[in-house]
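As provided, coords_10.json (JSON, C-alpha atoms) reads as follows.
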[["chain", "number", "residue", "atom", "x", "y", "z"],
["D", 61, "MET", "CA", 93.64, 129.74, 87.42],
["D", 62, "SER", "CA", 90.09, 128.83, 86.56],
["D", 63, "GLU", "CA", 87.63, 128.62, 89.44],
["D", 64, "ALA", "CA", 86.40, 125.27, 88.18],
["D", 65, "LEU", "CA", 89.81, 123.65, 88.69],
["D", 66, "TRP", "CA", 90.16, 124.74, 92.33],
["D", 67, "PRO", "CA", 88.32, 121.71, 93.84],
["D", 68, "TYR", "CA", 90.59, 119.33, 91.92],
["D", 69, "LEU", "CA", 93.71, 121.16, 93.06],
["D", 70, "VAL", "CA", 92.53, 120.95, 96.68],
["D", 71, "ILE", "CA", 91.91, 117.21, 96.31],
["D", 72, "LEU", "CA", 95.36, 116.74, 94.80],
["D", 73, "LEU", "CA", 97.21, 118.74, 97.46],
["D", 74, "ALA", "CA", 95.24, 117.89, 100.59],
["D", 75, "GLY", "CA", 93.96, 114.45, 99.59],
["D", 76, "VAL", "CA", 96.10, 112.60, 97.07],
["D", 77, "LEU", "CA", 99.56, 113.81, 98.16],
["D", 78, "PRO", "CA", 99.38, 112.93, 101.88],
["D", 79, "ASN", "CA", 97.93, 109.48, 101.15],
["D", 80, "GLU", "CA", 100.31, 108.59, 98.31],
["D", 81, "ALA", "CA", 103.30, 109.81, 100.32],
["D", 82, "PHE", "CA", 102.67, 107.27, 103.08],
["D", 83, "ARG", "CA", 101.86, 104.46, 100.62],
["D", 84, "ILE", "CA", 105.13, 105.13, 98.79],
["D", 85, "ALA", "CA", 107.03, 105.34, 102.08],
["D", 86, "GLY", "CA", 105.57, 101.93, 102.91],
["D", 87, "VAL", "CA", 106.93, 100.47, 99.66],
["D", 88, "PHE", "CA", 110.44, 101.79, 100.32],
["D", 89, "LEU", "CA", 110.48, 100.90, 104.01],
["D", 90, "SER", "CA", 109.05, 97.43, 103.51],
["D", 91, "ARG", "CA", 112.51, 95.96, 103.94],
["D", 92, "GLY", "CA", 114.11, 96.65, 107.26],
["D", 93, "VAL", "CA", 111.51, 98.21, 109.53],
["D", 94, "SER", "CA", 109.25, 95.88, 111.49],
["D", 95, "GLU", "CA", 105.60, 96.73, 111.05],
["D", 96, "ASP", "CA", 104.93, 95.28, 114.50],
["D", 97, "SER", "CA", 107.01, 97.94, 116.24],
["D", 98, "GLU", "CA", 105.77, 100.17, 119.06],
["D", 99, "LEU", "CA", 105.95, 103.13, 116.67],
["D", 100, "PHE", "CA", 103.38, 101.54, 114.39],
["D", 101, "ARG", "CA", 101.22, 100.52, 117.34],
["D", 102, "TRP", "CA", 101.13, 104.18, 118.30],
["D", 103, "ILE", "CA", 100.33, 105.22, 114.70],
["D", 104, "ARG", "CA", 97.50, 102.69, 114.46],
["D", 105, "ILE", "CA", 95.98, 103.84, 117.75],
["D", 106, "MET", "CA", 96.16, 107.48, 116.67],
["D", 107, "ALA", "CA", 94.43, 106.56, 113.39],
["D", 108, "THR", "CA", 91.67, 104.79, 115.35],
["D", 109, "THR", "CA", 91.25, 107.82, 117.61],
["D", 110, "LEU", "CA", 91.14, 110.14, 114.62],
["D", 111, "LEU", "CA", 88.44, 108.03, 112.97],
["D", 112, "ALA", "CA", 86.35, 108.09, 116.18],
["D", 113, "ALA", "CA", 86.83, 111.86, 116.28],
["D", 114, "LEU", "CA", 85.63, 112.03, 112.68],
["D", 115, "VAL", "CA", 82.47, 110.11, 113.65],
["D", 116, "ALA", "CA", 81.88, 112.61, 116.47],
["D", 117, "ARG", "CA", 82.53, 115.54, 114.14],
["D", 118, "LEU", "CA", 80.04, 114.26, 111.53],
["D", 119, "LEU", "CA", 77.40, 114.05, 114.31],
["D", 120, "PHE", "CA", 78.16, 117.13, 116.46],
["D", 121, "THR", "CA", 78.83, 119.59, 113.60],
["D", 122, "PRO", "CA", 77.17, 117.87, 110.65],
["D", 123, "ALA", "CA", 76.59, 118.73, 107.01],
["D", 124, "ALA", "CA", 73.73, 121.14, 106.33],
["D", 125, "ALA", "CA", 71.08, 118.57, 105.36],
["D", 126, "LEU", "CA", 71.76, 116.58, 108.54],
["D", 127, "ALA", "CA", 71.97, 119.62, 110.83],
["D", 128, "ALA", "CA", 68.22, 120.17, 110.26],
["D", 129, "TYR", "CA", 67.56, 117.31, 112.71],
["D", 130, "PRO", "CA", 68.30, 117.44, 116.45],
["D", 131, "LEU", "CA", 71.65, 116.40, 117.95],
["D", 132, "GLU", "CA", 69.91, 113.99, 120.32],
["D", 133, "LEU", "CA", 68.48, 112.12, 117.33],
["D", 134, "ARG", "CA", 71.86, 111.91, 115.57],
["D", 135, "LEU", "CA", 73.65, 110.68, 118.69],
["D", 136, "GLY", "CA", 70.75, 108.39, 119.57],
["D", 137, "ALA", "CA", 70.86, 106.73, 116.14],
["D", 138, "LEU", "CA", 74.54, 105.86, 116.63],
["D", 139, "ALA", "CA", 73.82, 104.54, 120.15],
["D", 140, "VAL", "CA", 70.98, 102.39, 118.78],
["D", 141, "GLY", "CA", 73.31, 101.13, 116.03],
["D", 142, "VAL", "CA", 76.01, 100.11, 118.52],
["D", 143, "ALA", "CA", 73.38, 98.52, 120.80],
["D", 144, "GLY", "CA", 71.92, 96.70, 117.78],
["D", 145, "PHE", "CA", 75.38, 95.36, 116.96],
["D", 146, "PHE", "CA", 75.55, 93.63, 120.35],
["D", 147, "VAL", "CA", 71.89, 92.55, 120.41],
["D", 148, "PHE", "CA", 72.18, 90.88, 116.99],
["D", 149, "ARG", "CA", 75.15, 88.78, 118.06],
["D", 150, "ARG", "CA", 77.87, 91.20, 116.96],
["D", 151, "SER", "CA", 76.53, 91.75, 113.45],
["D", 152, "VAL", "CA", 77.92, 95.02, 112.03],
["D", 153, "ILE", "CA", 75.41, 95.15, 109.19],
["D", 154, "ALA", "CA", 72.42, 94.59, 111.55],
["D", 155, "GLY", "CA", 73.68, 97.35, 113.84],
["D", 156, "ILE", "CA", 74.02, 99.80, 110.95],
["D", 157, "LEU", "CA", 70.56, 98.98, 109.57],
["D", 158, "VAL", "CA", 68.85, 99.30, 112.96],
["D", 159, "GLY", "CA", 70.53, 102.64, 113.75],
["D", 160, "GLU", "CA", 69.78, 104.00, 110.29],
["D", 161, "ALA", "CA", 66.15, 102.80, 110.36],
["D", 162, "VAL", "CA", 65.55, 104.49, 113.72],
["D", 163, "PHE", "CA", 67.08, 107.72, 112.45],
["D", 164, "VAL", "CA", 65.05, 107.86, 109.24],
["D", 165, "ALA", "CA", 61.78, 106.87, 110.95],
["D", 166, "LEU", "CA", 62.14, 109.51, 113.66],
["D", 167, "SER", "CA", 63.30, 112.13, 111.11],
["D", 168, "PHE", "CA", 60.10, 111.68, 109.12],
["D", 169, "TRP", "CA", 58.10, 111.92, 112.32],
["D", 170, "ILE", "CA", 59.85, 115.03, 113.68],
["D", 171, "GLY", "CA", 60.37, 116.83, 110.36],
["D", 172, "PRO", "CA", 63.27, 119.19, 109.54],
["D", 173, "ALA", "CA", 63.90, 122.19, 111.79],
["G", 294, "MET", "CA", 82.46, 99.45, 102.37],
["G", 295, "GLY", "CA", 79.95, 100.76, 99.85],
["G", 296, "PHE", "CA", 78.25, 102.64, 102.69],
["G", 297, "SER", "CA", 81.31, 104.78, 103.34],
["G", 298, "PHE", "CA", 81.53, 105.90, 99.71],
["G", 299, "LEU", "CA", 77.81, 106.73, 99.61],
["G", 300, "GLY", "CA", 78.75, 109.05, 102.48],
["G", 301, "VAL", "CA", 81.72, 110.49, 100.57],
["G", 302, "GLY", "CA", 79.50, 111.36, 97.61],
["G", 303, "SER", "CA", 76.75, 112.91, 99.73],
["G", 304, "LEU", "CA", 79.20, 114.90, 101.86],
["G", 305, "ALA", "CA", 81.03, 116.20, 98.77],
["G", 306, "ARG", "CA", 77.73, 117.48, 97.36],
["G", 307, "ASP", "CA", 76.87, 119.06, 100.69],
["G", 308, "ALA", "CA", 80.28, 120.75, 100.76],
["G", 309, "GLY", "CA", 79.53, 122.33, 97.38],
["G", 310, "TYR", "CA", 82.01, 120.23, 95.40],
["G", 311, "PRO", "CA", 81.23, 119.05, 91.84],
["G", 312, "LEU", "CA", 80.47, 115.41, 91.00],
["G", 313, "GLY", "CA", 83.75, 115.10, 89.10],
["G", 314, "ALA", "CA", 85.72, 116.09, 92.21],
["G", 315, "ALA", "CA", 83.88, 113.53, 94.36],
["G", 316, "LEU", "CA", 84.56, 110.76, 91.82],
["G", 317, "ALA", "CA", 88.19, 111.84, 91.32],
["G", 318, "SER", "CA", 88.76, 111.73, 95.08],
["G", 319, "THR", "CA", 87.59, 108.11, 95.20],
["G", 320, "LEU", "CA", 89.87, 107.11, 92.31],
["G", 321, "PHE", "CA", 92.97, 109.01, 93.36],
["G", 322, "VAL", "CA", 92.76, 109.37, 97.14],
["G", 323, "TRP", "CA", 91.14, 105.95, 97.63],
["G", 324, "ALA", "CA", 90.74, 106.22, 101.39],
["G", 325, "ALA", "CA", 87.24, 106.96, 102.66],
["G", 326, "PRO", "CA", 88.27, 108.46, 106.03],
["G", 327, "ALA", "CA", 90.67, 110.85, 104.27],
["G", 328, "GLN", "CA", 87.99, 111.89, 101.79],
["G", 329, "LEU", "CA", 85.45, 112.45, 104.58],
["G", 330, "ILE", "CA", 87.95, 114.53, 106.58],
["G", 331, "LEU", "CA", 88.72, 116.53, 103.44],
["G", 332, "PHE", "CA", 85.13, 117.27, 102.42],
["G", 333, "GLY", "CA", 84.01, 117.67, 106.06],
["G", 334, "THR", "CA", 86.70, 120.24, 106.84],
["G", 335, "LEU", "CA", 86.14, 122.15, 103.60],
["G", 336, "ALA", "CA", 82.36, 122.10, 104.09],
["G", 337, "SER", "CA", 82.77, 123.95, 107.37],
["G", 338, "GLY", "CA", 84.92, 126.52, 105.57],
["G", 339, "GLY", "CA", 88.17, 125.17, 106.99],
["G", 340, "LEU", "CA", 91.73, 125.84, 105.86],
["G", 341, "VAL", "CA", 93.13, 123.60, 103.13],
["G", 342, "LEU", "CA", 96.36, 123.27, 105.15],
["G", 343, "ALA", "CA", 94.41, 122.11, 108.22],
["G", 344, "ALA", "CA", 92.56, 119.57, 106.09],
["G", 345, "ALA", "CA", 95.84, 118.32, 104.60],
["G", 346, "LEU", "CA", 97.39, 117.83, 108.06],
["G", 347, "ALA", "CA", 94.39, 115.90, 109.39],
["G", 348, "VAL", "CA", 94.30, 113.82, 106.19],
["G", 349, "GLY", "CA", 98.03, 113.19, 106.65],
["G", 350, "LEU", "CA", 97.51, 111.92, 110.19],
["G", 351, "SER", "CA", 94.77, 109.60, 108.93],
["G", 352, "ALA", "CA", 97.07, 108.40, 106.13],
["G", 353, "ILE", "CA", 100.12, 107.41, 108.23],
["G", 354, "ARG", "CA", 98.42, 104.09, 108.99],
["G", 355, "LEU", "CA", 98.72, 103.22, 105.27],
["G", 356, "MET", "CA", 102.49, 102.96, 105.67],
["G", 357, "PRO", "CA", 102.53, 99.95, 108.06],
["G", 358, "MET", "CA", 99.66, 98.45, 106.04],
["G", 359, "VAL", "CA", 101.71, 98.54, 102.82],
["G", 360, "MET", "CA", 104.76, 97.25, 104.69],
["G", 361, "SER", "CA", 102.92, 94.26, 106.11],
["G", 362, "VAL", "CA", 101.31, 93.17, 102.84],
["G", 363, "TRP", "CA", 104.40, 93.76, 100.66],
["G", 364, "PRO", "CA", 106.29, 90.55, 101.51],
["G", 365, "HIS", "CA", 103.24, 88.65, 100.19],
["G", 366, "LEU", "CA", 102.72, 90.79, 97.11],
["G", 367, "ARG", "CA", 106.11, 91.83, 95.76],
["G", 368, "ARG", "CA", 107.75, 89.43, 93.29],
["G", 369, "PRO", "CA", 111.46, 89.47, 92.51],
["G", 370, "GLY", "CA", 112.22, 91.92, 89.71],
["G", 371, "MET", "CA", 108.95, 93.85, 90.02],
["G", 372, "GLY", "CA", 109.42, 97.36, 88.68],
["G", 373, "ILE", "CA", 108.87, 100.44, 90.80],
["G", 374, "GLY", "CA", 105.99, 101.73, 88.66],
["G", 375, "ARG", "CA", 104.07, 98.51, 89.16],
["G", 376, "GLN", "CA", 104.81, 98.57, 92.87],
["G", 377, "LEU", "CA", 103.48, 102.11, 93.19],
["G", 378, "LEU", "CA", 100.30, 101.13, 91.33],
["G", 379, "LEU", "CA", 99.77, 98.18, 93.67],
["G", 380, "ALA", "CA", 100.51, 100.42, 96.67],
["G", 381, "HIS", "CA", 97.95, 102.99, 95.53],
["G", 382, "LEU", "CA", 95.25, 100.32, 95.80],
["G", 383, "VAL", "CA", 96.06, 99.58, 99.46],
["G", 384, "ALA", "CA", 93.15, 100.73, 101.65],
["G", 385, "ALA", "CA", 91.39, 99.24, 104.66],
["G", 386, "THR", "CA", 89.21, 96.75, 102.76],
["G", 387, "THR", "CA", 91.81, 95.57, 100.24],
["G", 388, "TRP", "CA", 94.42, 95.26, 103.00],
["G", 389, "ILE", "CA", 92.23, 93.15, 105.30],
["G", 390, "GLU", "CA", 91.25, 90.80, 102.47],
["G", 391, "SER", "CA", 94.83, 90.54, 101.17],
["G", 392, "MET", "CA", 96.28, 89.74, 104.57],
["G", 393, "ARG", "CA", 93.67, 87.02, 104.97],
["G", 394, "ARG", "CA", 94.02, 85.42, 101.52],
["G", 395, "LEU", "CA", 97.45, 86.09, 100.02],
["G", 396, "PRO", "CA", 99.66, 84.09, 102.41],
["G", 397, "ASP", "CA", 97.99, 80.80, 101.39],
["G", 398, "MET", "CA", 98.03, 81.52, 97.64],
["G", 399, "ALA", "CA", 100.68, 80.51, 95.09],
["G", 400, "PRO", "CA", 103.02, 83.51, 94.63],
["G", 401, "ALA", "CA", 102.18, 83.79, 90.91],
["G", 402, "ALA", "CA", 98.45, 84.04, 91.66],
["G", 403, "ARG", "CA", 98.72, 86.80, 94.24],
["G", 404, "VAL", "CA", 99.10, 89.92, 92.07],
["G", 405, "PRO", "CA", 96.24, 88.92, 89.71],
["G", 406, "PHE", "CA", 93.97, 88.21, 92.70],
["G", 407, "TYR", "CA", 94.93, 91.47, 94.38],
["G", 408, "LEU", "CA", 94.45, 93.55, 91.23],
["G", 409, "GLY", "CA", 91.11, 91.92, 90.51],
["G", 410, "PHE", "CA", 89.80, 92.32, 94.03],
["G", 411, "ALA", "CA", 91.06, 95.87, 94.40],
["G", 412, "SER", "CA", 89.65, 96.96, 91.01],
["G", 413, "ALA", "CA", 86.28, 95.51, 91.93],
["G", 414, "CYS", "CA", 86.33, 97.45, 95.22],
["G", 415, "LEU", "CA", 87.41, 100.62, 93.46],
["G", 416, "GLY", "CA", 84.74, 100.24, 90.76],
["G", 417, "LEU", "CA", 81.98, 99.62, 93.31],
["G", 418, "SER", "CA", 83.16, 102.55, 95.43],
["G", 419, "PHE", "CA", 83.27, 104.82, 92.38],
["G", 420, "VAL", "CA", 79.64, 103.97, 91.57],
["G", 421, "MET", "CA", 78.58, 104.39, 95.21],
["G", 422, "THR", "CA", 80.26, 107.82, 95.35],
["G", 423, "GLY", "CA", 78.23, 108.89, 92.33],
["G", 424, "ILE", "CA", 75.01, 107.45, 93.76],
["G", 425, "GLY", "CA", 75.57, 109.22, 97.11],
["G", 426, "PHE", "CA", 76.21, 112.51, 95.33],
["G", 427, "VAL", "CA", 73.07, 112.30, 93.18],
["G", 428, "LEU", "CA", 70.78, 110.90, 95.88],
["G", 429, "VAL", "CA", 71.50, 113.51, 98.56],
["G", 430, "GLY", "CA", 70.23, 116.20, 96.21],
["G", 431, "ALA", "CA", 67.19, 114.24, 95.02],
["G", 432, "LEU", "CA", 65.82, 112.65, 98.19],
["G", 433, "PRO", "CA", 63.27, 114.18, 100.60],
["G", 434, "PRO", "CA", 64.97, 115.93, 103.57],
["G", 435, "ALA", "CA", 64.60, 113.06, 106.06],
["G", 436, "LEU", "CA", 66.18, 110.55, 103.67],
["G", 437, "ALA", "CA", 68.94, 112.94, 102.60],
["G", 438, "ALA", "CA", 69.75, 113.43, 106.29],
["G", 439, "GLY", "CA", 69.61, 109.66, 106.71],
["G", 440, "LEU", "CA", 72.17, 109.26, 103.92],
["G", 441, "LEU", "CA", 74.52, 111.73, 105.63],
["G", 442, "CYS", "CA", 73.92, 110.02, 108.99],
["G", 443, "LEU", "CA", 74.78, 106.61, 107.50],
["G", 444, "THR", "CA", 78.49, 107.44, 107.43],
["G", 445, "PRO", "CA", 78.97, 108.08, 111.18],
["G", 446, "ILE", "CA", 76.70, 105.12, 112.02],
["G", 447, "TYR", "CA", 78.67, 102.88, 109.63],
["G", 448, "PHE", "CA", 82.08, 103.91, 110.97],
["G", 449, "GLY", "CA", 80.93, 103.98, 114.60],
["G", 450, "VAL", "CA", 79.45, 100.47, 114.53],
["G", 451, "SER", "CA", 82.29, 98.96, 112.47],
["G", 452, "MET", "CA", 84.92, 100.47, 114.75],
["G", 453, "VAL", "CA", 83.27, 99.01, 117.84],
["G", 454, "GLY", "CA", 82.93, 95.73, 115.92],
["G", 455, "SER", "CA", 86.58, 95.56, 114.93],
["G", 456, "ALA", "CA", 88.06, 96.71, 118.26],
["G", 457, "ARG", "CA", 90.20, 93.83, 119.47],
["G", 458, "THR", "CA", 91.89, 95.30, 122.53],
["G", 459, "ARG", "CA", 90.87, 97.54, 125.41],
["G", 460, "THR", "CA", 93.30, 100.09, 124.00],
["G", 461, "ASP", "CA", 91.19, 100.15, 120.81],
["G", 462, "LEU", "CA", 88.05, 100.80, 122.84],
["G", 463, "LEU", "CA", 89.85, 103.49, 124.81],
["G", 464, "ALA", "CA", 90.97, 105.12, 121.55],
["G", 465, "ILE", "CA", 87.36, 105.14, 120.32],
["G", 466, "LEU", "CA", 86.12, 106.68, 123.58],
["G", 467, "PHE", "CA", 88.88, 109.30, 123.66],
["G", 468, "GLY", "CA", 88.38, 110.21, 120.01],
["G", 469, "PHE", "CA", 84.63, 110.57, 120.35],
["G", 470, "GLY", "CA", 84.71, 112.24, 123.77],
["G", 471, "LEU", "CA", 87.54, 114.71, 123.15],
["G", 472, "LEU", "CA", 86.32, 116.00, 119.78],
["G", 473, "PRO", "CA", 83.67, 118.42, 121.16],
["G", 474, "LEU", "CA", 86.21, 119.72, 123.68],
["G", 475, "ALA", "CA", 88.86, 120.13, 120.95],
["G", 476, "GLN", "CA", 86.39, 122.03, 118.78],
["G", 477, "ARG", "CA", 85.89, 124.50, 121.63],
["G", 478, "LEU", "CA", 89.61, 124.83, 122.36],
["G", 479, "VAL", "CA", 91.21, 124.90, 118.91],
["G", 480, "GLY", "CA", 88.23, 125.47, 116.61],
["G", 481, "MET", "CA", 86.95, 123.60, 113.58],
["G", 482, "ASP", "CA", 90.22, 123.62, 111.65],
["G", 483, "PHE", "CA", 92.53, 121.61, 113.86],
["G", 484, "ASP", "CA", 90.01, 119.70, 115.99],
["G", 485, "LEU", "CA", 90.57, 116.32, 114.29],
["G", 486, "LEU", "CA", 94.34, 116.64, 114.25],
["G", 487, "VAL", "CA", 94.55, 117.61, 117.94],
["G", 488, "THR", "CA", 92.08, 114.92, 119.02],
["G", 489, "GLY", "CA", 93.94, 112.25, 117.04],
["G", 490, "LEU", "CA", 97.36, 113.21, 118.38],
["G", 491, "VAL", "CA", 96.37, 113.84, 122.01],
["G", 492, "GLY", "CA", 93.65, 111.22, 122.41],
["G", 493, "GLY", "CA", 95.57, 108.59, 120.46],
["G", 494, "THR", "CA", 98.75, 109.17, 122.43],
["G", 495, "ALA", "CA", 96.77, 109.01, 125.70],
["G", 496, "ALA", "CA", 95.17, 105.69, 124.68],
["G", 497, "TYR", "CA", 98.55, 104.33, 123.59],
["G", 498, "GLY", "CA", 100.14, 105.56, 126.83],
["G", 499, "ALA", "CA", 97.43, 103.86, 128.91],
["G", 500, "GLY", "CA", 98.24, 100.63, 127.08],
["G", 501, "ARG", "CA", 101.94, 100.97, 127.86],
["G", 502, "LEU", "CA", 101.46, 101.91, 131.50],
["G", 503, "ALA", "CA", 98.82, 99.28, 132.24],
["G", 504, "PRO", "CA", 99.62, 96.11, 130.25],
["G", 505, "ALA", "CA", 96.13, 94.75, 131.02],
["G", 506, "TRP", "CA", 94.75, 97.48, 128.73],
["G", 507, "ARG", "CA", 96.64, 96.12, 125.75],
["G", 508, "ARG", "CA", 94.51, 93.02, 125.63]]

Would you encode the structure as structure tokens?
Amino acid sequence: MSEALWPYLVILLAGVLPNEAFRIAGVFLSRGVSEDSELFRWIRIMATTLLAALVARLLFTPAAALAAYPLELRLGALAVGVAGFFVFRRSVIAGILVGEAVFVALSFWIGPA
Amino acid sequence: MGFSFLGVGSLARDAGYPLGAALASTLFVWAAPAQLILFGTLASGGLVLAAALAVGLSAIRLMPMVMSVWPHLRRPGMGIGRQLLLAHLVAATTWIESMRRLPDMAPAARVPFYLGFASACLGLSFVMTGIGFVLVGALPPALAAGLLCLTPIYFGVSMVGSARTRTDLLAILFGFGLLPLAQRLVGMDFDLLVTGLVGGTAAYGAGRLAPAWRR
């Protein structure tokens, strides 16, 4: 198989298939199973945990262009963002902008490693 | 929502994937966390199987989401092909908006609203994926890093913002706190999967054992 098609095959097998499988299962199970059940509570909480783990992964072991800046700065930017969310009366967008602004400003000041 | 797809595009570029693959993932996977797990795992040289399992764990939540919106969306006599198309468009943003709006709408107006809203989201996300991909290669280092840092900041802040119960907060803390430990114990391939299963089950268990934590 051509090298150029490999990325698309990976996306199909590891990306499209798992997601479509659960969407389709949802269509067929939509009669009969209660979506408020304890099983789905457990699933939702695992999905939340996984997403938080993904956030940690993107900060602790980041992509190359981000890894050029210190871990303290990456973690600090998230902390500032969360703090900004509470300071600006629970505004998600304000929190994101504050955290991002602090990161970019300090990155320019420090410079890449 | 646009923020998360900027992140998808920039991460795909960083992982060495072509623009077409980044755009195709937005159209056909249509779940930003899954796409980020996929490109993140592959960027660190991870196994495709490991990526697929972690993506699968992130995708299970789509099943109850489809199930809860279906009574509002499905019309009598709707064919299976049409249902699968509508189901493909279910993702966090479209689900939240549908659950909020559809119940009060006339049944005949629901599918057109849903298709219109979901296509607009998909179109915007498609463009943002492309912009993220192009920008991360064109920006000065500090801004390119800022683009890649936007994704964790976006998800981190929105998760704290949308946490409704103490169990949700516990899940966030466990997920964030256990990930570095999991990376040391099981390596970069299965870290997300193990953290999601173990940390999520622990947070769920805490909620069951101490009912106060469910609120």

What does the distance between atom CA of G:Tyr310 and atom CA of G:Val341 come to in Å, to one decimal place?
->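 Separation of atom CA of G:Tyr310 and atom CA of G:Val341: 14.0 Å.
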
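The shortest atom-to-atom distance to G:Met371, with all atoms listed in the file taken into account, belongs to G:Val404 out of G:Val404, G:Leu436, G:Ala385, G:Ala413.
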
One decimal, Å: what's the distance from atom CA of G:Leu441 over to atom CA of G:Leu299, could you say?
-> 8.5 Å

Go through chain D residue by residue and, counting all atoms listed in the file, keep those with an atom at most 6 Å from chain G; for each kept residue give the shortest atom pair and its distance in Å to one decimal, ordered by chain and increasing number, as CSV.
residue,atom,partner,partner_atom,distance
D:Tyr68,CA,G:Ala314,CA,5.9
D:Ala74,CA,G:Ala345,CA,4.1
D:Gly75,CA,G:Val322,CA,5.8
D:Val76,CA,G:Val322,CA,4.6
D:Pro78,CA,G:Gly349,CA,5.0
D:Asn79,CA,G:Ala352,CA,5.2
D:Phe82,CA,G:Met356,CA,5.0
D:Arg83,CA,G:Met356,CA,5.3
D:Gly86,CA,G:Met356,CA,4.3
D:Ser90,CA,G:Met360,CA,4.5
D:Glu95,CA,G:Pro357,CA,5.4
D:Trp102,CA,G:Tyr497,CA,5.9
D:Arg104,CA,G:Arg354,CA,5.7
D:Ile105,CA,G:Gly493,CA,5.5
D:Met106,CA,G:Gly493,CA,4.0
D:Ala107,CA,G:Ser351,CA,5.4
D:Thr109,CA,G:Gly468,CA,4.4
D:Leu110,CA,G:Gly489,CA,4.3
D:Ala112,CA,G:Gly468,CA,4.8
D:Ala113,CA,G:Gly468,CA,4.4
D:Val115,CA,G:Pro445,CA,4.7
D:Ala116,CA,G:Phe469,CA,5.2
D:Ala125,CA,G:Ala438,CA,5.4
D:Leu126,CA,G:Ala438,CA,4.4
D:Leu138,CA,G:Ile446,CA,5.1
D:Val142,CA,G:Val450,CA,5.3
D:Val152,CA,G:Ser451,CA,5.9
D:Ile156,CA,G:Tyr447,CA,5.7
D:Val164,CA,G:Gly439,CA,5.5
D:Ser167,CA,G:Ala435,CA,5.3
D:Phe168,CA,G:Ala435,CA,5.6

Find the residues near G:Ala399: any atom within 12 Å, counting all atoms listed in the file, skip ones fewer than 5 places away on the same chain, and give them as a ChimeraX atom specification.
-> /G:365-366,368,394,404-406
